[in-house]
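One file, protein03.cif, is given below (mmCIF, C-alpha atoms).
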data_query
loop_
_atom_site.label_atom_id
_atom_site.label_comp_id
_atom_site.auth_asym_id
_atom_site.auth_seq_id
_atom_site.Cartn_x
_atom_site.Cartn_y
_atom_site.Cartn_z
CA MET A 1 8.09 -20.16 53.80
CA ASP A 2 4.81 -18.34 54.21
CA THR A 3 2.25 -18.40 51.45
CA GLN A 4 -0.72 -16.30 50.59
CA GLY A 5 -4.23 -17.66 50.33
CA LEU A 6 -4.97 -19.77 47.25
CA VAL A 7 -8.03 -17.79 46.25
CA GLY A 8 -8.23 -14.16 47.15
CA ILE A 9 -7.20 -10.68 46.21
CA VAL A 10 -4.33 -9.24 48.20
CA PRO A 11 -4.64 -5.45 47.83
CA TRP A 12 -0.95 -4.80 47.33
CA THR A 13 -0.61 -7.50 44.72
CA PHE A 14 -3.67 -6.07 43.00
CA ILE A 15 -2.16 -2.60 42.89
CA ALA A 16 1.21 -3.93 41.80
CA GLN A 17 -0.37 -5.94 38.99
CA LEU A 18 -2.35 -2.88 37.91
CA CYS A 19 0.90 -0.94 37.68
CA ASN A 20 2.57 -3.85 35.92
CA LEU A 21 -0.18 -3.90 33.30
CA PHE A 22 0.29 -0.22 32.52
CA ILE A 23 4.06 -0.48 32.51
CA GLN A 24 3.79 -3.44 30.17
CA LEU A 25 1.35 -1.51 28.02
CA TRP A 26 3.79 1.36 27.78
CA LEU A 27 6.69 -0.96 27.00
CA ILE A 28 4.79 -2.81 24.28
CA LYS A 29 3.65 0.48 22.77
CA LYS A 30 7.16 1.87 22.83
CA PHE A 31 9.03 -1.18 21.63
CA LEU A 32 6.58 -2.93 19.35
CA PHE A 33 3.68 -0.82 18.15
CA LYS A 34 5.39 2.51 17.69
CA PRO A 35 8.35 1.31 15.61
CA VAL A 36 6.30 -1.14 13.56
CA ASN A 37 3.51 1.33 12.91
CA ASP A 38 6.07 3.96 11.98
CA ILE A 39 7.66 1.66 9.48
CA LEU A 40 4.27 0.59 8.09
CA GLU A 41 3.28 4.21 7.67
CA LYS A 42 6.57 5.03 6.03
CA ARG A 43 6.16 2.15 3.65
CA GLN A 44 2.65 3.19 2.80
CA LYS A 45 3.77 6.74 2.14
CA MET A 46 6.58 5.46 -0.04
CA THR A 47 4.23 3.22 -2.00
CA GLU A 48 1.79 6.05 -2.47
CA ALA A 49 4.56 8.38 -3.59
CA GLU A 50 5.80 5.80 -6.05
CA LEU A 51 2.33 5.19 -7.38
CA LYS A 52 1.80 8.91 -7.75
CA GLY A 53 5.11 9.26 -9.56
CA ALA A 54 4.25 6.41 -11.90
CA ARG A 55 0.87 7.94 -12.64
CA GLU A 56 2.42 11.32 -13.34
CA ALA A 57 5.02 9.77 -15.61
CA LYS A 58 2.29 7.94 -17.48
CA GLU A 59 0.31 11.14 -17.93
CA LYS A 60 3.41 12.97 -19.13
CA ALA A 61 4.18 10.21 -21.58
CA GLU A 62 0.65 10.31 -22.91
CA THR A 63 0.78 14.08 -23.34
CA MET A 64 4.07 13.73 -25.15
CA LYS A 65 2.66 11.01 -27.34
CA LYS A 66 -0.27 13.22 -28.24
CA GLU A 67 2.06 16.11 -29.00
CA TYR A 68 4.19 13.92 -31.19
CA GLU A 69 1.18 12.61 -33.01
CA THR A 70 -0.13 16.13 -33.58
CA SER A 71 3.21 17.41 -34.79
CA LEU A 72 3.67 14.35 -36.96
CA SER A 73 0.31 14.80 -38.66
CA SER A 74 0.95 18.52 -39.15
CA ALA A 75 4.34 17.69 -40.60
CA GLN A 76 2.71 15.28 -42.98
CA ALA A 77 0.19 17.92 -44.01
CA GLN A 78 3.00 20.42 -44.50
CA ALA A 79 4.94 17.98 -46.61
CA ALA A 80 1.89 17.32 -48.74
CA GLU A 81 1.37 21.05 -49.13
CA ILE A 82 4.99 21.59 -50.08
CA VAL A 83 4.80 18.84 -52.66
CA ALA A 84 1.56 20.26 -54.03
CA THR A 85 3.04 23.76 -54.23
CA ALA A 86 6.15 22.47 -55.91
CA GLN A 87 4.09 20.55 -58.40
CA LYS A 88 2.00 23.62 -59.14
CA GLU A 89 5.05 25.80 -59.56
CA ALA A 90 6.69 23.30 -61.79
CA GLN A 91 3.55 23.03 -63.85
CA GLY A 92 3.37 26.79 -64.13
CA LYS A 93 7.00 27.07 -65.12
CA ALA A 94 6.60 24.35 -67.68
CA ASP A 95 3.56 26.06 -69.06
CA ASN A 96 5.43 29.37 -69.24
CA ILE A 97 8.35 27.79 -70.99
CA VAL A 98 6.09 26.16 -73.54
CA LYS A 99 4.21 29.42 -74.05
CA GLU A 100 7.40 31.40 -74.50
CA ALA A 101 8.71 28.83 -76.90
CA LYS A 102 5.55 29.02 -78.89
CA GLU A 103 5.67 32.82 -78.93
CA GLN A 104 9.28 32.76 -79.95
CA ALA A 105 8.50 30.32 -82.68
CA ALA A 106 5.63 32.46 -83.86
CA GLN A 107 7.90 35.54 -83.87
CA LEU A 108 10.54 33.71 -85.76
CA THR A 109 8.00 32.52 -88.28
CA ALA A 110 6.59 36.02 -88.69
CA ARG A 111 10.05 37.53 -89.22
CA ALA A 112 10.96 34.86 -91.65
CA GLU A 113 7.76 35.48 -93.54
CA ALA A 114 8.43 39.24 -93.59
CA ASP A 115 11.96 38.60 -94.82
CA ILE A 116 10.68 36.37 -97.50
CA ALA A 117 8.12 38.95 -98.57
CA GLN A 118 10.76 41.67 -98.71
CA GLU A 119 13.14 39.50 -100.66
CA LYS A 120 10.34 38.73 -103.06
CA LYS A 121 9.55 42.40 -103.49
CA LYS A 122 13.21 43.17 -103.99
CA ALA A 123 13.54 40.40 -106.48
CA ILE A 124 10.45 41.60 -108.32
CA ASN A 125 11.82 45.16 -108.41
CA GLU A 126 15.16 43.96 -109.71
CA ALA A 127 13.42 41.86 -112.28
CA LYS A 128 11.33 44.87 -113.21
CA ASP A 129 14.47 46.98 -113.70
CA THR A 130 16.24 44.30 -115.67
CA ILE A 131 13.22 43.61 -117.86
CA GLY A 132 12.74 47.37 -118.42
CA GLY A 133 16.39 47.77 -119.44
CA LEU A 134 16.15 44.77 -121.69
CA ALA A 135 12.98 46.03 -123.31
CA MET A 136 14.60 49.43 -123.97
CA ASP A 137 17.63 47.79 -125.54
CA ILE A 138 15.42 45.56 -127.63
CA ALA A 139 13.19 48.42 -128.65
CA GLY A 140 16.22 50.64 -129.48
CA LYS A 141 17.69 47.89 -131.63
CA VAL A 142 14.35 47.31 -133.32
CA VAL A 143 13.70 50.97 -134.13
CA GLU A 144 17.32 51.77 -134.60
CA LYS A 145 16.44 55.15 -133.88
CA GLU A 146 17.40 57.26 -130.96
CA ILE A 147 14.36 57.66 -128.92
CA ASN A 148 14.14 59.77 -125.89
CA GLU A 149 15.11 57.23 -123.34
CA ASN A 150 13.19 58.96 -120.59
CA ASP A 151 9.88 58.94 -122.42
CA HIS A 152 10.16 55.31 -123.21
CA ARG A 153 11.16 54.26 -119.76
CA LYS A 154 8.05 55.91 -118.47
CA LEU A 155 5.94 54.00 -120.91
CA ILE A 156 7.60 50.68 -120.14
CA ASP A 157 7.30 51.13 -116.37
CA GLU A 158 3.61 51.74 -116.76
CA PHE A 159 3.30 48.66 -118.83
CA ILE A 160 5.22 46.48 -116.41
CA ASN A 161 3.28 47.84 -113.49
CA ASN A 162 0.13 46.92 -115.28
CA VAL A 163 1.53 43.47 -115.93
CA GLY A 164 2.66 43.19 -112.29
CA GLU A 165 -0.74 44.06 -111.07
CA ALA A 166 -2.38 41.68 -113.43
CA SER A 167 -0.09 38.82 -112.62
CA MET B 1 1.92 -38.73 51.16
CA ASN B 2 0.27 -35.40 51.54
CA PHE B 3 -0.56 -33.27 48.55
CA GLU B 4 -1.03 -29.58 49.14
CA ILE B 5 -1.85 -26.65 46.90
CA THR B 6 -1.08 -23.22 48.26
CA GLY B 7 -1.17 -19.63 47.14
CA SER B 8 1.95 -17.86 45.97
CA LYS B 9 4.96 -17.86 48.25
CA ILE B 10 5.92 -14.71 50.13
CA PHE B 11 9.60 -13.96 49.62
CA TYR B 12 9.87 -10.70 51.46
CA THR B 13 7.57 -8.50 53.50
CA ILE B 14 7.86 -4.74 53.56
CA HIS B 15 6.09 -3.34 56.62
CA THR B 16 3.97 -0.32 55.84
CA PRO B 17 1.89 1.74 58.26
CA ILE B 18 -0.96 2.07 55.77
CA PRO B 19 -4.01 0.70 57.61
CA VAL B 20 -6.17 -1.00 54.97
CA LEU B 21 -3.52 -2.26 52.59
CA GLY B 22 -1.26 -3.71 55.24
CA ASP B 23 2.24 -4.98 54.60
CA PHE B 24 3.60 -5.09 51.12
CA GLN B 25 4.55 -8.65 50.31
CA ILE B 26 6.92 -9.53 47.51
CA THR B 27 5.32 -12.74 46.33
CA GLU B 28 6.02 -15.32 43.67
CA THR B 29 3.27 -13.73 41.62
CA LEU B 30 5.05 -10.41 41.45
CA ILE B 31 8.49 -11.86 40.79
CA VAL B 32 7.22 -14.05 37.96
CA SER B 33 5.18 -11.11 36.61
CA TRP B 34 8.37 -9.11 36.34
CA ILE B 35 10.11 -11.99 34.64
CA VAL B 36 7.18 -12.17 32.18
CA MET B 37 7.42 -8.44 31.53
CA VAL B 38 11.14 -8.66 30.91
CA ILE B 39 10.64 -11.56 28.50
CA ILE B 40 7.96 -9.72 26.54
CA THR B 41 9.90 -6.47 26.43
CA LEU B 42 13.12 -8.14 25.34
CA LEU B 43 11.19 -10.02 22.68
CA CYS B 44 9.71 -6.76 21.40
CA ILE B 45 13.09 -5.07 21.35
CA PHE B 46 14.62 -8.05 19.60
CA LEU B 47 11.88 -8.17 16.98
CA THR B 48 11.87 -4.48 16.20
CA ARG B 49 15.62 -4.00 16.04
CA ASN B 50 16.89 -2.47 12.83
CA LEU B 51 13.59 -2.05 11.02
CA GLN B 52 13.68 -1.44 7.28
CA VAL B 53 11.17 -0.17 4.79
CA GLU B 54 12.32 -2.57 2.10
CA ASN B 55 14.01 -5.97 2.14
CA ILE B 56 12.70 -6.84 5.55
CA SER B 57 14.24 -9.52 7.73
CA LYS B 58 12.35 -12.49 9.15
CA ARG B 59 12.32 -10.82 12.56
CA GLN B 60 10.69 -7.75 11.13
CA ALA B 61 8.18 -9.85 9.25
CA ILE B 62 7.18 -11.49 12.53
CA ALA B 63 6.93 -8.11 14.30
CA GLU B 64 4.78 -6.69 11.48
CA MET B 65 2.66 -9.82 11.47
CA LEU B 66 2.05 -9.50 15.22
CA VAL B 67 1.01 -5.87 14.90
CA GLU B 68 -1.18 -6.60 11.88
CA THR B 69 -2.78 -9.52 13.70
CA ALA B 70 -3.57 -7.29 16.69
CA ASN B 71 -4.99 -4.63 14.34
CA ASN B 72 -7.10 -7.14 12.46
CA PHE B 73 -8.26 -8.79 15.68
CA VAL B 74 -9.57 -5.55 17.13
CA ARG B 75 -10.92 -4.15 13.86
CA GLY B 76 -12.48 -7.45 12.86
CA ASN B 77 -14.29 -7.89 16.17
CA THR B 78 -15.53 -4.32 16.44
CA GLY B 79 -16.12 -3.87 12.73
CA SER B 80 -14.57 -0.42 12.69
CA THR B 81 -11.38 1.51 13.29
CA LYS B 82 -12.93 3.50 16.14
CA PHE B 83 -11.13 1.41 18.74
CA ASP B 84 -7.62 1.56 17.29
CA LYS B 85 -6.45 3.23 20.49
CA LEU B 86 -7.25 0.06 22.38
CA ILE B 87 -5.15 -2.20 20.15
CA PRO B 88 -2.00 -1.94 22.31
CA LEU B 89 -4.01 -2.61 25.48
CA VAL B 90 -5.70 -5.69 24.04
CA ALA B 91 -2.36 -6.88 22.69
CA THR B 92 -0.74 -6.29 26.07
CA ILE B 93 -3.41 -8.22 27.94
CA PHE B 94 -3.23 -11.08 25.45
CA THR B 95 0.56 -11.28 25.39
CA THR B 96 0.95 -10.97 29.16
CA SER B 97 -1.75 -13.56 29.68
CA VAL B 98 -0.25 -16.06 27.23
CA VAL B 99 3.28 -15.71 28.55
CA SER B 100 2.06 -15.81 32.17
CA ASN B 101 -0.04 -18.91 31.50
CA LEU B 102 2.73 -20.74 29.67
CA ILE B 103 5.53 -19.83 32.07
CA CYS B 104 4.32 -22.64 34.33
CA LEU B 105 5.85 -24.98 31.74
CA VAL B 106 9.32 -24.05 32.97
CA GLY B 107 8.30 -24.74 36.55
CA LEU B 108 7.49 -21.19 37.68
CA ARG B 109 4.18 -20.35 39.22
CA SER B 110 1.94 -18.52 36.74
CA PRO B 111 1.11 -14.97 37.85
CA THR B 112 -2.35 -15.69 36.43
CA ALA B 113 -2.81 -18.32 39.12
CA ASP B 114 -3.31 -15.38 41.48
CA LEU B 115 -6.75 -13.80 41.35
CA ALA B 116 -5.28 -10.35 42.00
CA THR B 117 -3.67 -10.36 38.54
CA GLU B 118 -6.88 -11.03 36.65
CA ALA B 119 -8.79 -8.72 38.97
CA ALA B 120 -6.46 -5.88 38.05
CA TRP B 121 -6.95 -6.52 34.33
CA ALA B 122 -10.71 -6.89 34.69
CA VAL B 123 -10.96 -3.64 36.63
CA VAL B 124 -9.10 -1.82 33.89
CA VAL B 125 -11.48 -3.29 31.31
CA PHE B 126 -14.46 -2.40 33.51
CA VAL B 127 -13.30 1.20 33.78
CA ILE B 128 -12.91 1.43 30.02
CA ILE B 129 -16.34 -0.12 29.45
CA THR B 130 -17.96 2.37 31.82
CA ALA B 131 -16.06 5.30 30.32
CA THR B 132 -17.09 4.23 26.83
CA LYS B 133 -20.72 3.96 27.88
CA ILE B 134 -20.68 7.41 29.46
CA LYS B 135 -18.97 8.83 26.42
CA ALA B 136 -21.55 7.27 24.10
CA GLY B 137 -24.70 8.28 25.98
CA GLY B 138 -23.66 10.87 28.57
CA ILE B 139 -23.95 10.30 32.31
CA GLY B 140 -27.74 10.57 32.08
CA GLY B 141 -27.90 8.00 29.35
CA TYR B 142 -25.56 5.73 31.26
CA LEU B 143 -27.62 5.89 34.45
CA LYS B 144 -30.88 5.59 32.50
CA GLY B 145 -29.55 2.44 30.88
CA PHE B 146 -29.85 0.66 34.24
CA THR B 147 -33.62 1.17 34.30
CA GLN B 148 -34.14 -0.42 30.90
CA PRO B 149 -36.33 -2.08 29.80
CA ILE B 150 -38.36 -1.61 33.03
CA PRO B 151 -37.30 0.09 36.28
CA VAL B 152 -37.90 -3.07 38.30
CA LEU B 153 -34.84 -4.63 36.69
CA THR B 154 -32.49 -1.92 38.00
CA PRO B 155 -30.89 -4.05 40.76
CA PHE B 156 -30.30 -6.88 38.33
CA ASN B 157 -28.82 -4.52 35.78
CA ILE B 158 -26.42 -3.18 38.37
CA LEU B 159 -25.57 -6.73 39.38
CA SER B 160 -24.95 -7.75 35.77
CA GLU B 161 -22.78 -4.67 35.29
CA PHE B 162 -20.50 -5.81 38.08
CA ALA B 163 -20.77 -9.41 37.02
CA THR B 164 -18.85 -8.58 33.87
CA PRO B 165 -15.42 -7.96 35.43
CA VAL B 166 -16.00 -10.58 38.14
CA SER B 167 -16.84 -13.27 35.63
CA MET B 168 -13.95 -12.29 33.36
CA ALA B 169 -11.44 -12.42 36.20
CA CYS B 170 -12.80 -15.58 37.76
CA ARG B 171 -13.07 -17.46 34.49
CA HIS B 172 -9.45 -16.87 33.65
CA PHE B 173 -8.23 -17.46 37.19
CA GLY B 174 -10.26 -20.63 37.60
CA ASN B 175 -8.99 -22.18 34.41
CA ILE B 176 -5.36 -21.49 35.21
CA LEU B 177 -5.69 -22.54 38.83
CA SER B 178 -7.34 -25.78 37.76
CA GLY B 179 -4.34 -26.37 35.50
CA VAL B 180 -2.03 -25.82 38.43
CA VAL B 181 -4.08 -28.17 40.62
CA ILE B 182 -4.25 -30.88 37.99
CA ASP B 183 -0.54 -30.61 37.23
CA GLY B 184 0.24 -30.88 40.92
CA LEU B 185 -2.05 -33.89 41.28
CA ILE B 186 -0.53 -35.59 38.25
CA TYR B 187 3.02 -35.06 39.49
CA ALA B 188 2.10 -36.38 42.89
CA ALA B 189 0.23 -39.35 41.46
CA LEU B 190 3.01 -40.21 39.03
CA ALA B 191 5.63 -39.97 41.77
CA LEU B 192 3.59 -42.36 43.88
CA ALA B 193 3.06 -44.68 40.93
CA SER B 194 6.71 -44.79 39.93
CA SER B 195 7.81 -45.40 43.49
CA ALA B 196 5.27 -48.20 43.77
CA ILE B 197 6.32 -49.84 40.47
CA LEU B 198 10.08 -49.47 40.98
CA GLY B 199 9.71 -50.52 44.60
CA LEU B 200 8.87 -53.95 43.25
CA ILE B 201 12.54 -54.37 42.31
CA PRO B 202 14.09 -56.18 45.25
CA GLY B 203 17.08 -54.99 47.26
CA THR B 204 18.80 -51.62 47.44
CA VAL B 205 18.44 -51.05 43.68
CA GLY B 206 14.69 -50.92 44.04
CA ALA B 207 14.94 -48.80 47.17
CA VAL B 208 17.07 -46.19 45.36
CA LEU B 209 15.14 -46.23 42.09
CA SER B 210 11.79 -45.88 43.84
CA GLN B 211 12.94 -42.50 45.12
CA ILE B 212 13.19 -41.20 41.54
CA PRO B 213 9.79 -40.26 40.03
CA ILE B 214 10.74 -41.74 36.69
CA LEU B 215 7.16 -41.62 35.33
CA SER B 216 7.08 -37.85 35.79
CA VAL B 217 9.44 -37.46 32.86
CA GLY B 218 7.19 -37.67 29.80
CA ILE B 219 3.59 -38.05 30.79
CA PRO B 220 2.96 -34.57 32.27
CA ALA B 221 4.21 -33.02 29.04
CA VAL B 222 1.52 -34.85 27.10
CA LEU B 223 -1.20 -33.83 29.52
CA GLY B 224 0.29 -30.33 29.62
CA VAL B 225 -0.63 -29.92 25.95
CA TYR B 226 -4.23 -29.62 27.04
CA PHE B 227 -4.06 -28.31 30.61
CA ASP B 228 -1.31 -25.76 30.04
CA TRP B 229 -0.92 -25.00 26.37
CA PHE B 230 -4.52 -25.19 25.23
CA THR B 231 -6.09 -23.67 28.33
CA GLY B 232 -3.41 -21.02 28.59
CA VAL B 233 -3.77 -19.77 25.04
CA MET B 234 -7.53 -20.20 25.03
CA GLN B 235 -8.07 -18.20 28.22
CA ALA B 236 -5.82 -15.39 26.98
CA PHE B 237 -7.77 -15.33 23.74
CA ILE B 238 -11.13 -15.37 25.53
CA PHE B 239 -10.10 -12.60 27.91
CA SER B 240 -8.90 -10.26 25.16
CA MET B 241 -11.84 -11.16 22.95
CA LEU B 242 -14.30 -10.34 25.75
CA THR B 243 -12.42 -7.12 26.47
CA ILE B 244 -12.87 -5.81 22.97
CA MET B 245 -16.42 -7.15 22.59
CA TYR B 246 -17.64 -5.56 25.80
CA ILE B 247 -16.06 -2.23 24.89
CA ALA B 248 -17.49 -2.34 21.38
CA ASN B 249 -20.94 -3.12 22.78
CA ALA B 250 -20.60 -0.30 25.29
CA ALA B 251 -19.98 2.18 22.47
CA GLU B 252 -23.13 1.04 20.68
CA GLY B 253 -25.46 0.98 23.67
#

Could I get this file's structure written as structure tokens?
Amino acid sequence: MDTQGLVGIVPWTFIAQLCNLFIQLWLIKKFLFKPVNDILEKRQKMTEAELKGAREAKEKAETMKKEYETSLSSAQAQAAEIVATAQKEAQGKADNIVKEAKEQAAQLTARAEADIAQEKKKAINEAKDTIGGLAMDIAGKVVEKEINENDHRKLIDEFINNVGEAS
Amino acid sequence: MNFEITGSKIFYTIHTPIPVLGDFQITETLIVSWIVMVIITLLCIFLTRNLQVENISKRQAIAEMLVETANNFVRGNTGSTKFDKLIPLVATIFTTSVVSNLICLVGLRSPTADLATEAAWAVVVFVIITATKIKAGGIGGYLKGFTQPIPVLTPFNILSEFATPVSMACRHFGNILSGVVIDGLIYAALALASSAILGLIPGTVGAVLSQIPILSVGIPAVLGVYFDWFTGVMQAFIFSMLTIMYIANAAEG
């Protein structure tokens, strides 16, 4: 079988090997680099998307936390306010009740005192009448003489009035 | 016993009327080159079958590792991502070179033991180097570069420009050819030695046994670790390394 020279460049072999190199380049690109790079890119995109999602979720959670904290503190303030208002109202009501009670008591006392004074006056008047009658009877019996009852009564009333004023 | 080293065998000749190029010869170099290409392509297809984004298989891990290694090799040596377009080319040269160099282990003749193969690669690299230089400095800048630092050096600069692809091709070719030569010598020497040793056995037994090169069974494999494995991988590495270094330098200058 014929052989080519050991050292030397045969033009056709050179051209063929040039073509082979480019065909091989194309094949390696198509079957190794393209699919692997595609998958690497896809993975990177996926990782980035996941990272982004995680970051967004974190931000959302933090916002929610802040909101909760704000609403919680406002709720606490509201509760404190409500309690304070209730206490104030209760205090006011209690005060009113006490005041009313006192007023009522004072009214009652005043009425009772007025009643007592009236009763006293009535009693004094009755006593006056009785004493007047008695004095007339006594005087009539002592004089044994019909005196004009009207004149005497006048006299006696004057006398008792004077006594009443003096007493 | 005669020991002979020849160029690649011619299997078939296609006559062409083209004057300079002559007849197209289907040689061992081309046949083995095609075998190498088929091996590499099948390997790529096998590795990248059924790729997943998550829960990757071992095959996919290897494929991704290969691509990442190629990326890191080019980016690490150029220090930038400007040359990412060249990654497949460098990877192709490296892979083809390694497989071509190592295919001699199964008894085929390495396509890289033919200077035409390396010459083709080196010319491609040379074209890219020149294109990069022209792109970086314009045609004026490229031509002016030959007269630097002083115009007297112009012939030497031109010479050194062409020395780049020549040295790249010849370095690779020489190393692989020397491997072929040494392997051939070792096989021949071991065959002679075994026939001489076994020929000491008297009678027909010795006569038959001395025909079998029994020493050729293990020893070449040990020597092949250096002459085939080491040289083969090393030369592929050097060639692709020089490719990317020269191109990176061209972009700077």

Once the PyMOL selection byres ((chain A) within 12 of (chain B)) is applied to the coordinates I shared, what remains selected? I want it as an NGL selection string.
:A and (1-47)

State, in Å with one decimal place, the distance from CA of Thr231 in chain B to CA of Asn175 in chain B.
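So the answer is 6.9 Å.
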
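Here CA of Asn150 in chain A and CA of Lys128 in chain A stand 16.0 Å from one another.
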
Give as JSON, numbers by chain the residues that the PyMOL selection byres ((chain B and resi 197) around 10) matches when applied to the coordinates above.
{"B": [191, 192, 193, 194, 195, 196, 198, 199, 200, 201, 206, 209, 210, 214, 215]}

List the neighbours of Ile244 in chain B out to 12 Å using only C-alpha atoms; skip same-chain residues closer than 5 positions along the sequence, and give me the result as a ChimeraX atom specification.
/B:70-71,73-80,82-91,93-94,122,125-126,128-129,132,237-239,249-251

Keeping C-alpha atoms, export the residues of the selection given above as a compact mmCIF listing (two decimals), in the frame of the given file.
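Output below, filename result.txt:
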# COMPACT_ATOMS: atom_id res chain seq x y z
CA ALA B 70 -3.57 -7.29 16.69
CA ASN B 71 -4.99 -4.63 14.34
CA PHE B 73 -8.26 -8.79 15.68
CA VAL B 74 -9.57 -5.55 17.13
CA ARG B 75 -10.92 -4.15 13.86
CA GLY B 76 -12.48 -7.45 12.86
CA ASN B 77 -14.29 -7.89 16.17
CA THR B 78 -15.53 -4.32 16.44
CA GLY B 79 -16.12 -3.87 12.73
CA SER B 80 -14.57 -0.42 12.69
CA LYS B 82 -12.93 3.50 16.14
CA PHE B 83 -11.13 1.41 18.74
CA ASP B 84 -7.62 1.56 17.29
CA LYS B 85 -6.45 3.23 20.49
CA LEU B 86 -7.25 0.06 22.38
CA ILE B 87 -5.15 -2.20 20.15
CA PRO B 88 -2.00 -1.94 22.31
CA LEU B 89 -4.01 -2.61 25.48
CA VAL B 90 -5.70 -5.69 24.04
CA ALA B 91 -2.36 -6.88 22.69
CA ILE B 93 -3.41 -8.22 27.94
CA PHE B 94 -3.23 -11.08 25.45
CA ALA B 122 -10.71 -6.89 34.69
CA VAL B 125 -11.48 -3.29 31.31
CA PHE B 126 -14.46 -2.40 33.51
CA ILE B 128 -12.91 1.43 30.02
CA ILE B 129 -16.34 -0.12 29.45
CA THR B 132 -17.09 4.23 26.83
CA PHE B 237 -7.77 -15.33 23.74
CA ILE B 238 -11.13 -15.37 25.53
CA PHE B 239 -10.10 -12.60 27.91
CA ASN B 249 -20.94 -3.12 22.78
CA ALA B 250 -20.60 -0.30 25.29
CA ALA B 251 -19.98 2.18 22.47

May I ask for the distance between CA of Arg109 in chain B and CA of Val32 in chain B, given in Å to one decimal place?
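Spanning CA of Arg109 in chain B to CA of Val32 in chain B is a straight-line distance of 7.1 Å.
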
Might you spell out which residues the PyMOL selection byres ((chain B and resi 188) around 10) would select in the displayed file, as a CSV table (one decimal) with C-alpha atoms, keeping the file's coordinate frame?
chain,number,residue,atom,x,y,z
B,1,MET,CA,1.9,-38.7,51.2
B,2,ASN,CA,0.3,-35.4,51.5
B,3,PHE,CA,-0.6,-33.3,48.6
B,4,GLU,CA,-1.0,-29.6,49.1
B,182,ILE,CA,-4.2,-30.9,38.0
B,183,ASP,CA,-0.5,-30.6,37.2
B,184,GLY,CA,0.2,-30.9,40.9
B,185,LEU,CA,-2.0,-33.9,41.3
B,186,ILE,CA,-0.5,-35.6,38.2
B,187,TYR,CA,3.0,-35.1,39.5
B,189,ALA,CA,0.2,-39.4,41.5
B,190,LEU,CA,3.0,-40.2,39.0
B,191,ALA,CA,5.6,-40.0,41.8
B,192,LEU,CA,3.6,-42.4,43.9
B,193,ALA,CA,3.1,-44.7,40.9
B,213,PRO,CA,9.8,-40.3,40.0
B,216,SER,CA,7.1,-37.8,35.8

Please provide the set of residues having any atom within 8 Å of range 233-235 of chain B, restricted to only C-alpha atoms, with same-chain residues fewer than 6 positions apart removed, written as a list of chain:residue names.
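Result of the neighbour search: B:Ser97, B:Val98, B:Asn101, B:His172, B:Asn175.
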
Restrict the selected residues to C-alpha atoms and save them as a short mmCIF file (atom, residue, chain, number, x, y, z; two decimals), keeping the file's coordinate frame.
data_model
loop_
_atom_site.label_atom_id
_atom_site.label_comp_id
_atom_site.auth_asym_id
_atom_site.auth_seq_id
_atom_site.Cartn_x
_atom_site.Cartn_y
_atom_site.Cartn_z
CA SER B 97 -1.75 -13.56 29.68
CA VAL B 98 -0.25 -16.06 27.23
CA ASN B 101 -0.04 -18.91 31.50
CA HIS B 172 -9.45 -16.87 33.65
CA ASN B 175 -8.99 -22.18 34.41
#

Export range 5-15 of chain A from the structure block above, keeping N, CA and C atoms, as a PDB file, in the first residue's frame.
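File out_9.pdb, as written:
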ATOM      1  N   GLY A   5       4.392  11.005   2.483  1.00  0.00           N
ATOM      2  CA  GLY A   5       5.640  11.327   3.154  1.00  0.00           C
ATOM      3  C   GLY A   5       5.438  11.453   4.652  1.00  0.00           C
ATOM      4  N   LEU A   6       6.486  11.149   5.423  1.00  0.00           N
ATOM      5  CA  LEU A   6       6.375  11.195   6.883  1.00  0.00           C
ATOM      6  C   LEU A   6       6.191  12.630   7.369  1.00  0.00           C
ATOM      7  N   VAL A   7       6.994  13.530   6.827  1.00  0.00           N
ATOM      8  CA  VAL A   7       6.868  14.931   7.220  1.00  0.00           C
ATOM      9  C   VAL A   7       6.516  15.733   5.974  1.00  0.00           C
ATOM     10  N   GLY A   8       5.419  16.441   6.062  1.00  0.00           N
ATOM     11  CA  GLY A   8       5.037  17.236   4.899  1.00  0.00           C
ATOM     12  C   GLY A   8       3.573  17.562   4.956  1.00  0.00           C
ATOM     13  N   ILE A   9       3.194  18.584   4.212  1.00  0.00           N
ATOM     14  CA  ILE A   9       1.789  18.981   4.208  1.00  0.00           C
ATOM     15  C   ILE A   9       1.207  18.668   2.840  1.00  0.00           C
ATOM     16  N   VAL A  10       0.332  17.687   2.801  1.00  0.00           N
ATOM     17  CA  VAL A  10      -0.379  17.380   1.561  1.00  0.00           C
ATOM     18  C   VAL A  10      -1.555  18.335   1.468  1.00  0.00           C
ATOM     19  N   PRO A  11      -1.668  19.111   0.388  1.00  0.00           N
ATOM     20  CA  PRO A  11      -2.694  20.165   0.324  1.00  0.00           C
ATOM     21  C   PRO A  11      -4.101  19.654   0.607  1.00  0.00           C
ATOM     22  N   TRP A  12      -4.456  18.522  -0.005  1.00  0.00           N
ATOM     23  CA  TRP A  12      -5.820  18.043   0.187  1.00  0.00           C
ATOM     24  C   TRP A  12      -6.084  17.652   1.632  1.00  0.00           C
ATOM     25  N   THR A  13      -5.114  17.015   2.239  1.00  0.00           N
ATOM     26  CA  THR A  13      -5.277  16.650   3.657  1.00  0.00           C
ATOM     27  C   THR A  13      -5.438  17.905   4.500  1.00  0.00           C
ATOM     28  N   PHE A  14      -4.621  18.921   4.155  1.00  0.00           N
ATOM     29  CA  PHE A  14      -4.698  20.193   4.871  1.00  0.00           C
ATOM     30  C   PHE A  14      -6.109  20.772   4.787  1.00  0.00           C
ATOM     31  N   ILE A  15      -6.625  20.821   3.565  1.00  0.00           N
ATOM     32  CA  ILE A  15      -7.972  21.385   3.387  1.00  0.00           C
ATOM     33  C   ILE A  15      -9.009  20.548   4.121  1.00  0.00           C
TER      34      ILE A  15
END
